[in-house]
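Raw contents of structure.pdb, PDB, N, CA and C atoms:
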```
ATOM      1  N   MET A   1      18.664 -16.742   7.295
ATOM      2  CA  MET A   1      18.829 -15.767   6.220
ATOM      3  C   MET A   1      18.212 -14.455   6.694
ATOM      4  N   SER A   2      19.002 -13.410   6.848
ATOM      5  CA  SER A   2      18.458 -12.142   7.303
ATOM      6  C   SER A   2      18.079 -11.232   6.154
ATOM      7  N   ASP A   3      18.530 -11.519   4.963
ATOM      8  CA  ASP A   3      18.214 -10.698   3.801
ATOM      9  C   ASP A   3      17.400 -11.525   2.825
ATOM     10  N   MET A   4      16.124 -11.160   2.661
ATOM     11  CA  MET A   4      15.225 -11.939   1.820
ATOM     12  C   MET A   4      15.507 -11.743   0.330
ATOM     13  N   SER A   5      16.451 -10.863  -0.027
ATOM     14  CA  SER A   5      16.765 -10.670  -1.444
ATOM     15  C   SER A   5      17.388 -11.917  -2.042
ATOM     16  N   GLU A   6      17.884 -12.821  -1.184
ATOM     17  CA  GLU A   6      18.469 -14.057  -1.679
ATOM     18  C   GLU A   6      17.416 -15.121  -1.960
ATOM     19  N   ALA A   7      16.172 -14.877  -1.563
ATOM     20  CA  ALA A   7      15.108 -15.859  -1.764
ATOM     21  C   ALA A   7      14.801 -15.993  -3.249
ATOM     22  N   PRO A   8      14.460 -17.201  -3.712
ATOM     23  CA  PRO A   8      14.155 -17.389  -5.129
ATOM     24  C   PRO A   8      12.893 -16.649  -5.539
ATOM     25  N   ARG A   9      12.861 -16.191  -6.761
ATOM     26  CA  ARG A   9      11.697 -15.498  -7.318
ATOM     27  C   ARG A   9      10.625 -16.511  -7.694
ATOM     28  N   MET A  10       9.349 -16.097  -7.630
ATOM     29  CA  MET A  10       8.253 -17.004  -7.948
ATOM     30  C   MET A  10       7.846 -16.942  -9.413
ATOM     31  N   GLY A  11       8.199 -15.877 -10.125
ATOM     32  CA  GLY A  11       7.776 -15.721 -11.513
ATOM     33  C   GLY A  11       8.357 -16.785 -12.422
ATOM     34  N   GLY A  12       7.589 -17.238 -13.417
ATOM     35  CA  GLY A  12       8.072 -18.172 -14.420
ATOM     36  C   GLY A  12       8.174 -19.606 -13.933
ATOM     37  N   GLU A  13       7.510 -19.949 -12.851
ATOM     38  CA  GLU A  13       7.578 -21.304 -12.343
ATOM     39  C   GLU A  13       6.534 -22.187 -13.025
ATOM     40  N   ASP A  14       6.780 -23.475 -12.969
ATOM     41  CA  ASP A  14       5.810 -24.404 -13.523
ATOM     42  C   ASP A  14       4.617 -24.511 -12.579
ATOM     43  N   PRO A  15       3.452 -24.978 -13.081
ATOM     44  CA  PRO A  15       2.236 -25.033 -12.259
ATOM     45  C   PRO A  15       2.390 -25.868 -10.985
ATOM     46  N   LEU A  16       3.145 -26.964 -11.032
ATOM     47  CA  LEU A  16       3.324 -27.798  -9.847
ATOM     48  C   LEU A  16       4.071 -27.029  -8.761
ATOM     49  N   SER A  17       5.101 -26.289  -9.149
ATOM     50  CA  SER A  17       5.853 -25.492  -8.187
ATOM     51  C   SER A  17       4.974 -24.413  -7.582
ATOM     52  N   ARG A  18       4.144 -23.755  -8.407
ATOM     53  CA  ARG A  18       3.238 -22.726  -7.908
ATOM     54  C   ARG A  18       2.246 -23.315  -6.914
ATOM     55  N   MET A  19       1.736 -24.514  -7.190
ATOM     56  CA  MET A  19       0.785 -25.164  -6.305
ATOM     57  C   MET A  19       1.451 -25.465  -4.951
ATOM     58  N   THR A  20       2.694 -25.899  -4.975
ATOM     59  CA  THR A  20       3.431 -26.174  -3.743
ATOM     60  C   THR A  20       3.604 -24.895  -2.940
ATOM     61  N   ASN A  21       3.987 -23.787  -3.603
ATOM     62  CA  ASN A  21       4.146 -22.510  -2.910
ATOM     63  C   ASN A  21       2.829 -22.046  -2.322
ATOM     64  N   ASN A  22       1.713 -22.226  -3.050
ATOM     65  CA  ASN A  22       0.400 -21.841  -2.562
ATOM     66  C   ASN A  22       0.050 -22.662  -1.326
ATOM     67  N   ARG A  23       0.360 -23.950  -1.325
ATOM     68  CA  ARG A  23       0.105 -24.814  -0.180
ATOM     69  C   ARG A  23       0.932 -24.341   1.018
ATOM     70  N   GLN A  24       2.185 -23.957   0.779
ATOM     71  CA  GLN A  24       3.038 -23.456   1.861
ATOM     72  C   GLN A  24       2.486 -22.156   2.423
ATOM     73  N   PHE A  25       1.971 -21.293   1.552
ATOM     74  CA  PHE A  25       1.384 -20.045   2.020
ATOM     75  C   PHE A  25       0.195 -20.335   2.922
ATOM     76  N   LYS A  26      -0.637 -21.292   2.545
ATOM     77  CA  LYS A  26      -1.803 -21.626   3.367
ATOM     78  C   LYS A  26      -1.393 -22.078   4.753
ATOM     79  N   LEU A  27      -0.243 -22.739   4.870
ATOM     80  CA  LEU A  27       0.251 -23.145   6.181
ATOM     81  C   LEU A  27       0.597 -21.929   7.041
ATOM     82  N   LEU A  28       1.044 -20.856   6.404
ATOM     83  CA  LEU A  28       1.464 -19.655   7.125
ATOM     84  C   LEU A  28       0.335 -18.647   7.312
ATOM     85  N   ALA A  29      -0.744 -18.798   6.572
ATOM     86  CA  ALA A  29      -1.795 -17.783   6.523
ATOM     87  C   ALA A  29      -2.444 -17.496   7.877
ATOM     88  N   ASP A  30      -2.467 -18.451   8.795
ATOM     89  CA  ASP A  30      -3.124 -18.252  10.086
ATOM     90  C   ASP A  30      -2.192 -17.752  11.182
ATOM     91  N   ILE A  31      -0.944 -17.474  10.851
ATOM     92  CA  ILE A  31       0.000 -16.968  11.854
ATOM     93  C   ILE A  31      -0.328 -15.501  12.137
ATOM     94  N   PRO A  32      -0.569 -15.148  13.397
ATOM     95  CA  PRO A  32      -0.888 -13.754  13.719
ATOM     96  C   PRO A  32       0.346 -12.862  13.582
ATOM     97  N   VAL A  33       0.143 -11.657  13.085
ATOM     98  CA  VAL A  33       1.200 -10.652  12.985
ATOM     99  C   VAL A  33       0.687  -9.369  13.625
ATOM    100  N   ARG A  34       1.601  -8.502  14.027
ATOM    101  CA  ARG A  34       1.232  -7.250  14.674
ATOM    102  C   ARG A  34       1.279  -6.122  13.661
ATOM    103  N   MET A  35       0.146  -5.476  13.428
ATOM    104  CA  MET A  35       0.071  -4.339  12.509
ATOM    105  C   MET A  35      -0.013  -3.067  13.339
ATOM    106  N   SER A  36       0.791  -2.073  12.958
ATOM    107  CA  SER A  36       0.765  -0.789  13.644
ATOM    108  C   SER A  36       0.868   0.327  12.618
ATOM    109  N   VAL A  37       0.465   1.502  13.036
ATOM    110  CA  VAL A  37       0.514   2.683  12.177
ATOM    111  C   VAL A  37       1.353   3.733  12.881
ATOM    112  N   GLU A  38       2.359   4.236  12.179
ATOM    113  CA  GLU A  38       3.245   5.235  12.767
ATOM    114  C   GLU A  38       2.887   6.614  12.246
ATOM    115  N   VAL A  39       2.493   7.484  13.151
ATOM    116  CA  VAL A  39       2.117   8.856  12.812
ATOM    117  C   VAL A  39       3.356   9.710  12.618
ATOM    118  N   GLY A  40       4.361   9.480  13.409
ATOM    119  CA  GLY A  40       5.603  10.244  13.341
ATOM    120  C   GLY A  40       6.446   9.904  14.545
ATOM    121  N   SER A  41       7.585  10.557  14.641
ATOM    122  CA  SER A  41       8.458  10.302  15.787
ATOM    123  C   SER A  41       9.257  11.560  16.098
ATOM    124  N   THR A  42       9.922  11.505  17.228
ATOM    125  CA  THR A  42      10.794  12.595  17.643
ATOM    126  C   THR A  42      11.782  12.052  18.662
ATOM    127  N   SER A  43      12.815  12.785  18.938
ATOM    128  CA  SER A  43      13.779  12.421  19.981
ATOM    129  C   SER A  43      13.641  13.408  21.119
ATOM    130  N   LEU A  44      13.578  12.885  22.324
ATOM    131  CA  LEU A  44      13.483  13.717  23.518
ATOM    132  C   LEU A  44      14.547  13.285  24.512
ATOM    133  N   ARG A  45      15.001  14.219  25.317
ATOM    134  CA  ARG A  45      15.858  13.866  26.447
ATOM    135  C   ARG A  45      14.971  13.324  27.553
ATOM    136  N   LEU A  46      15.541  12.525  28.407
ATOM    137  CA  LEU A  46      14.779  11.936  29.506
ATOM    138  C   LEU A  46      14.113  13.019  30.357
ATOM    139  N   ALA A  47      14.813  14.115  30.581
ATOM    140  CA  ALA A  47      14.251  15.211  31.376
ATOM    141  C   ALA A  47      12.983  15.765  30.722
ATOM    142  N   GLU A  48      12.982  15.842  29.381
ATOM    143  CA  GLU A  48      11.792  16.334  28.676
ATOM    144  C   GLU A  48      10.626  15.355  28.814
ATOM    145  N   VAL A  49      10.928  14.060  28.770
ATOM    146  CA  VAL A  49       9.878  13.055  28.958
ATOM    147  C   VAL A  49       9.309  13.156  30.369
ATOM    148  N   MET A  50      10.173  13.339  31.351
ATOM    149  CA  MET A  50       9.724  13.441  32.737
ATOM    150  C   MET A  50       8.876  14.691  32.976
ATOM    151  N   ASP A  51       9.068  15.732  32.158
ATOM    152  CA  ASP A  51       8.303  16.972  32.298
ATOM    153  C   ASP A  51       6.948  16.922  31.592
ATOM    154  N   LEU A  52       6.678  15.862  30.818
ATOM    155  CA  LEU A  52       5.395  15.768  30.123
ATOM    156  C   LEU A  52       4.255  15.682  31.123
ATOM    157  N   ALA A  53       3.179  16.380  30.811
ATOM    158  CA  ALA A  53       2.000  16.373  31.678
ATOM    159  C   ALA A  53       0.760  16.361  30.792
ATOM    160  N   GLU A  54      -0.362  16.158  31.411
ATOM    161  CA  GLU A  54      -1.609  16.194  30.670
ATOM    162  C   GLU A  54      -1.718  17.538  29.945
ATOM    163  N   GLY A  55      -1.990  17.489  28.646
ATOM    164  CA  GLY A  55      -2.084  18.707  27.846
ATOM    165  C   GLY A  55      -0.779  19.079  27.147
ATOM    166  N   SER A  56       0.319  18.396  27.467
ATOM    167  CA  SER A  56       1.591  18.668  26.790
ATOM    168  C   SER A  56       1.476  18.312  25.317
ATOM    169  N   ILE A  57       2.196  19.029  24.490
ATOM    170  CA  ILE A  57       2.221  18.763  23.049
ATOM    171  C   ILE A  57       3.646  18.400  22.659
ATOM    172  N   VAL A  58       3.769  17.300  21.939
ATOM    173  CA  VAL A  58       5.068  16.844  21.450
ATOM    174  C   VAL A  58       5.041  16.964  19.937
ATOM    175  N   GLU A  59       5.944  17.761  19.383
ATOM    176  CA  GLU A  59       5.999  17.958  17.937
ATOM    177  C   GLU A  59       6.677  16.753  17.280
ATOM    178  N   LEU A  60       6.049  16.216  16.236
ATOM    179  CA  LEU A  60       6.582  15.063  15.525
ATOM    180  C   LEU A  60       7.286  15.499  14.251
ATOM    181  N   ASP A  61       7.964  14.558  13.598
ATOM    182  CA  ASP A  61       8.787  14.861  12.430
ATOM    183  C   ASP A  61       8.037  14.816  11.102
ATOM    184  N   ARG A  62       6.712  14.847  11.120
ATOM    185  CA  ARG A  62       5.937  14.789   9.872
ATOM    186  C   ARG A  62       4.965  15.945   9.779
ATOM    187  N   GLN A  63       4.618  16.270   8.542
ATOM    188  CA  GLN A  63       3.594  17.276   8.290
ATOM    189  C   GLN A  63       2.221  16.639   8.514
ATOM    190  N   ALA A  64       1.231  17.447   8.817
ATOM    191  CA  ALA A  64      -0.117  16.937   9.104
ATOM    192  C   ALA A  64      -0.728  16.212   7.908
ATOM    193  N   ASP A  65      -0.334  16.572   6.691
ATOM    194  CA  ASP A  65      -0.942  15.946   5.511
ATOM    195  C   ASP A  65      -0.087  14.805   4.935
ATOM    196  N   ASP A  66       1.006  14.433   5.608
ATOM    197  CA  ASP A  66       1.831  13.307   5.154
ATOM    198  C   ASP A  66       1.100  11.987   5.371
ATOM    199  N   LEU A  67       1.378  11.023   4.503
ATOM    200  CA  LEU A  67       0.824   9.686   4.682
ATOM    201  C   LEU A  67       1.489   9.013   5.877
ATOM    202  N   LEU A  68       0.769   8.117   6.516
ATOM    203  CA  LEU A  68       1.262   7.394   7.678
ATOM    204  C   LEU A  68       1.916   6.092   7.254
ATOM    205  N   ASP A  69       2.903   5.621   8.015
ATOM    206  CA  ASP A  69       3.556   4.342   7.743
ATOM    207  C   ASP A  69       2.731   3.222   8.358
ATOM    208  N   ILE A  70       2.433   2.207   7.563
ATOM    209  CA  ILE A  70       1.717   1.028   8.042
ATOM    210  C   ILE A  70       2.744  -0.088   8.135
ATOM    211  N   MET A  71       2.922  -0.591   9.342
ATOM    212  CA  MET A  71       3.977  -1.559   9.627
ATOM    213  C   MET A  71       3.361  -2.897  10.036
ATOM    214  N   VAL A  72       3.996  -3.987   9.610
ATOM    215  CA  VAL A  72       3.652  -5.322  10.094
ATOM    216  C   VAL A  72       4.915  -5.922  10.678
ATOM    217  N   ASN A  73       4.860  -6.243  11.961
ATOM    218  CA  ASN A  73       6.019  -6.758  12.696
ATOM    219  C   ASN A  73       7.244  -5.878  12.486
ATOM    220  N   GLY A  74       7.044  -4.568  12.449
ATOM    221  CA  GLY A  74       8.140  -3.622  12.339
ATOM    222  C   GLY A  74       8.620  -3.334  10.932
ATOM    223  N   ALA A  75       8.061  -4.014   9.921
ATOM    224  CA  ALA A  75       8.475  -3.796   8.532
ATOM    225  C   ALA A  75       7.428  -2.939   7.823
ATOM    226  N   LEU A  76       7.867  -1.921   7.100
ATOM    227  CA  LEU A  76       6.966  -1.060   6.347
ATOM    228  C   LEU A  76       6.333  -1.851   5.211
ATOM    229  N   ILE A  77       4.994  -1.912   5.189
ATOM    230  CA  ILE A  77       4.307  -2.623   4.104
ATOM    231  C   ILE A  77       3.476  -1.694   3.234
ATOM    232  N   ALA A  78       3.096  -0.516   3.765
ATOM    233  CA  ALA A  78       2.229   0.374   3.003
ATOM    234  C   ALA A  78       2.239   1.766   3.616
ATOM    235  N   LYS A  79       1.613   2.695   2.892
ATOM    236  CA  LYS A  79       1.367   4.057   3.377
ATOM    237  C   LYS A  79      -0.141   4.253   3.356
ATOM    238  N   GLY A  80      -0.659   5.052   4.281
ATOM    239  CA  GLY A  80      -2.101   5.237   4.331
ATOM    240  C   GLY A  80      -2.496   6.524   5.007
ATOM    241  N   GLU A  81      -3.814   6.698   5.117
ATOM    242  CA  GLU A  81      -4.371   7.881   5.759
ATOM    243  C   GLU A  81      -5.471   7.468   6.724
ATOM    244  N   VAL A  82      -5.672   8.264   7.757
ATOM    245  CA  VAL A  82      -6.655   7.961   8.785
ATOM    246  C   VAL A  82      -8.056   8.231   8.252
ATOM    247  N   VAL A  83      -8.967   7.313   8.563
ATOM    248  CA  VAL A  83     -10.396   7.472   8.264
ATOM    249  C   VAL A  83     -11.169   7.088   9.518
ATOM    250  N   THR A  84     -12.443   7.422   9.558
ATOM    251  CA  THR A  84     -13.298   6.938  10.636
ATOM    252  C   THR A  84     -14.327   5.988  10.046
ATOM    253  N   VAL A  85     -14.563   4.894  10.746
ATOM    254  CA  VAL A  85     -15.515   3.876  10.320
ATOM    255  C   VAL A  85     -16.402   3.571  11.517
ATOM    256  N   ASN A  86     -17.676   3.936  11.408
ATOM    257  CA  ASN A  86     -18.619   3.706  12.507
ATOM    258  C   ASN A  86     -18.100   4.255  13.833
ATOM    259  N   GLY A  87     -17.544   5.459  13.792
ATOM    260  CA  GLY A  87     -17.065   6.105  15.005
ATOM    261  C   GLY A  87     -15.722   5.611  15.510
ATOM    262  N   ARG A  88     -15.080   4.719  14.769
ATOM    263  CA  ARG A  88     -13.771   4.201  15.173
ATOM    264  C   ARG A  88     -12.732   4.624  14.140
ATOM    265  N   TYR A  89     -11.479   4.718  14.570
ATOM    266  CA  TYR A  89     -10.408   5.030  13.633
ATOM    267  C   TYR A  89     -10.136   3.834  12.733
ATOM    268  N   GLY A  90      -9.770   4.122  11.502
ATOM    269  CA  GLY A  90      -9.329   3.116  10.558
ATOM    270  C   GLY A  90      -8.222   3.703   9.720
ATOM    271  N   ILE A  91      -7.692   2.914   8.823
ATOM    272  CA  ILE A  91      -6.624   3.394   7.944
ATOM    273  C   ILE A  91      -6.942   2.967   6.525
ATOM    274  N   ARG A  92      -6.906   3.908   5.608
ATOM    275  CA  ARG A  92      -7.107   3.606   4.186
ATOM    276  C   ARG A  92      -5.745   3.441   3.547
ATOM    277  N   ILE A  93      -5.543   2.295   2.900
ATOM    278  CA  ILE A  93      -4.276   2.029   2.220
ATOM    279  C   ILE A  93      -4.228   2.887   0.966
ATOM    280  N   VAL A  94      -3.177   3.677   0.832
ATOM    281  CA  VAL A  94      -3.002   4.549  -0.322
ATOM    282  C   VAL A  94      -1.924   4.010  -1.257
ATOM    283  N   ASP A  95      -0.879   3.405  -0.668
ATOM    284  CA  ASP A  95       0.248   2.925  -1.463
ATOM    285  C   ASP A  95       0.832   1.685  -0.798
ATOM    286  N   ILE A  96       1.006   0.614  -1.571
ATOM    287  CA  ILE A  96       1.615  -0.618  -1.068
ATOM    288  C   ILE A  96       3.111  -0.566  -1.360
ATOM    289  N   ALA A  97       3.916  -0.912  -0.373
ATOM    290  CA  ALA A  97       5.375  -0.934  -0.557
ATOM    291  C   ALA A  97       5.747  -2.059  -1.518
ATOM    292  N   ALA A  98       6.823  -1.872  -2.261
ATOM    293  CA  ALA A  98       7.316  -2.912  -3.160
ATOM    294  C   ALA A  98       7.640  -4.159  -2.339
ATOM    295  N   THR A  99       7.462  -5.326  -2.945
ATOM    296  CA  THR A  99       7.692  -6.591  -2.240
ATOM    297  C   THR A  99       9.066  -6.638  -1.606
ATOM    298  N   GLU A 100      10.087  -6.180  -2.329
ATOM    299  CA  GLU A 100      11.446  -6.206  -1.794
ATOM    300  C   GLU A 100      11.533  -5.375  -0.517
ATOM    301  N   ASN A 101      10.867  -4.210  -0.511
ATOM    302  CA  ASN A 101      10.890  -3.344   0.665
ATOM    303  C   ASN A 101      10.113  -3.956   1.812
ATOM    304  N   ARG A 102       8.986  -4.619   1.505
ATOM    305  CA  ARG A 102       8.189  -5.231   2.567
ATOM    306  C   ARG A 102       8.953  -6.350   3.245
ATOM    307  N   LEU A 103       9.729  -7.103   2.479
ATOM    308  CA  LEU A 103      10.455  -8.239   3.046
ATOM    309  C   LEU A 103      11.775  -7.835   3.674
ATOM    310  N   ALA A 104      12.284  -6.656   3.347
ATOM    311  CA  ALA A 104      13.605  -6.236   3.827
ATOM    312  C   ALA A 104      13.675  -6.159   5.339
ATOM    313  N   GLY A 105      12.579  -5.774   6.000
ATOM    314  CA  GLY A 105      12.613  -5.625   7.449
ATOM    315  C   GLY A 105      12.332  -6.900   8.215
ATOM    316  N   ILE A 106      12.009  -7.960   7.520
ATOM    317  CA  ILE A 106      11.689  -9.210   8.210
ATOM    318  C   ILE A 106      12.959 -10.015   8.373
ATOM    319  N   GLU A 107      13.281 -10.364   9.592
ATOM    320  CA  GLU A 107      14.478 -11.138   9.863
ATOM    321  C   GLU A 107      14.095 -12.426  10.557
ATOM    322  N   ARG A 108      14.861 -13.432  10.314
ATOM    323  CA  ARG A 108      14.651 -14.723  10.994
ATOM    324  C   ARG A 108      15.123 -14.568  12.445
ATOM    325  N   ARG A 109      14.294 -14.934  13.348
ATOM    326  CA  ARG A 109      14.644 -14.796  14.761
ATOM    327  C   ARG A 109      14.860 -16.171  15.358
ATOM    328  N   GLY A 110      15.936 -16.294  16.148
ATOM    329  CA  GLY A 110      16.301 -17.574  16.709
ATOM    330  C   GLY A 110      15.920 -17.757  18.127
TER     331      GLY A 110
END
```

What does this structure look like when you write it as structure tokens?
Amino acid sequence: MSDMSEAPRMGGEDPLSRMTNNRQFKLLADIPVRMSVEVGSTSLRLAEVMDLAEGSIVELDRQADDLLDIMVNGALIAKGEVVTVNGRYGIRIVDIAATENRLAGIERRG
């Protein structure tokens, strides 16, 4: 199933069904996923990429004050902003994507 919109809804289920779903979630909870943050993007010709050097600046398609896309396995799950925590970069979640949108990018891989 490549479109998760066909998946059954969890609302209005009986307690036994909810307990089964919770048990299934626990089975999946330890699976590692890749989280990334996208600052912006641009398109370049190969010649432009080859001309990049230390100190080169590449203009991206976002404004400096735009929220960043927070992706899990390539699917947008939230929007956020950069923070520093103990001298390291972090991301503060500002907005969580709707469940339908979060699941839309997840495809079954064979």

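The gap separating CA of Ala29 (chain A) from atom C of Val72 (chain A) is 14.2 Å, in Å to one decimal.
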
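Counting all atoms listed in the file, region 68-71 of chain A has the following residues at most 6.5 Å away, ignoring those fewer than 2 positions along the same chain: Arg34, Met35, Ser36, Val37, Glu38, Val39, Asp66, Asn73, Gly74, Ala75, Leu76, Ile77, Ala78, Lys79, Gly80 and Glu81 of chain A.
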
**Prompt:** What lies within 6 Å of Gly40 (chain A) using only N, CA and C atoms, ignoring chain neighbours under 5 positions off, as a PyMOL selection string?
**Reply:** chain A and resi 60-62

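One distance worth recording is that between CA of Gly55 (chain A) and atom C of Asn86 (chain A), which is 25.7 Å.
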
**Request:** Just say which residues the PyMOL selection byres (((chain A and resi 92 and name CA) around 8) and name CA) picks in this file, as a PyMOL selection string.
**Result:** chain A and resi 80-83+90-91+93-94

**Asked** Would you give me, as a PyMOL selection string, the residues in region 48-104 of chain A that DSSP reads as helix (DSSP H, G or I)?
**Response** chain A and resi 48-50+99-104

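One finds CA of Ser41 (chain A) at 13.5 Å from atom C of Ala64 (chain A).
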
**Request:** Write down as a ChimeraX atom specification the residues of region 61-98 of chain A whose backbone DSSP state falls under strand (DSSP E).
**Result:** /A:68-72,75-85,88-96
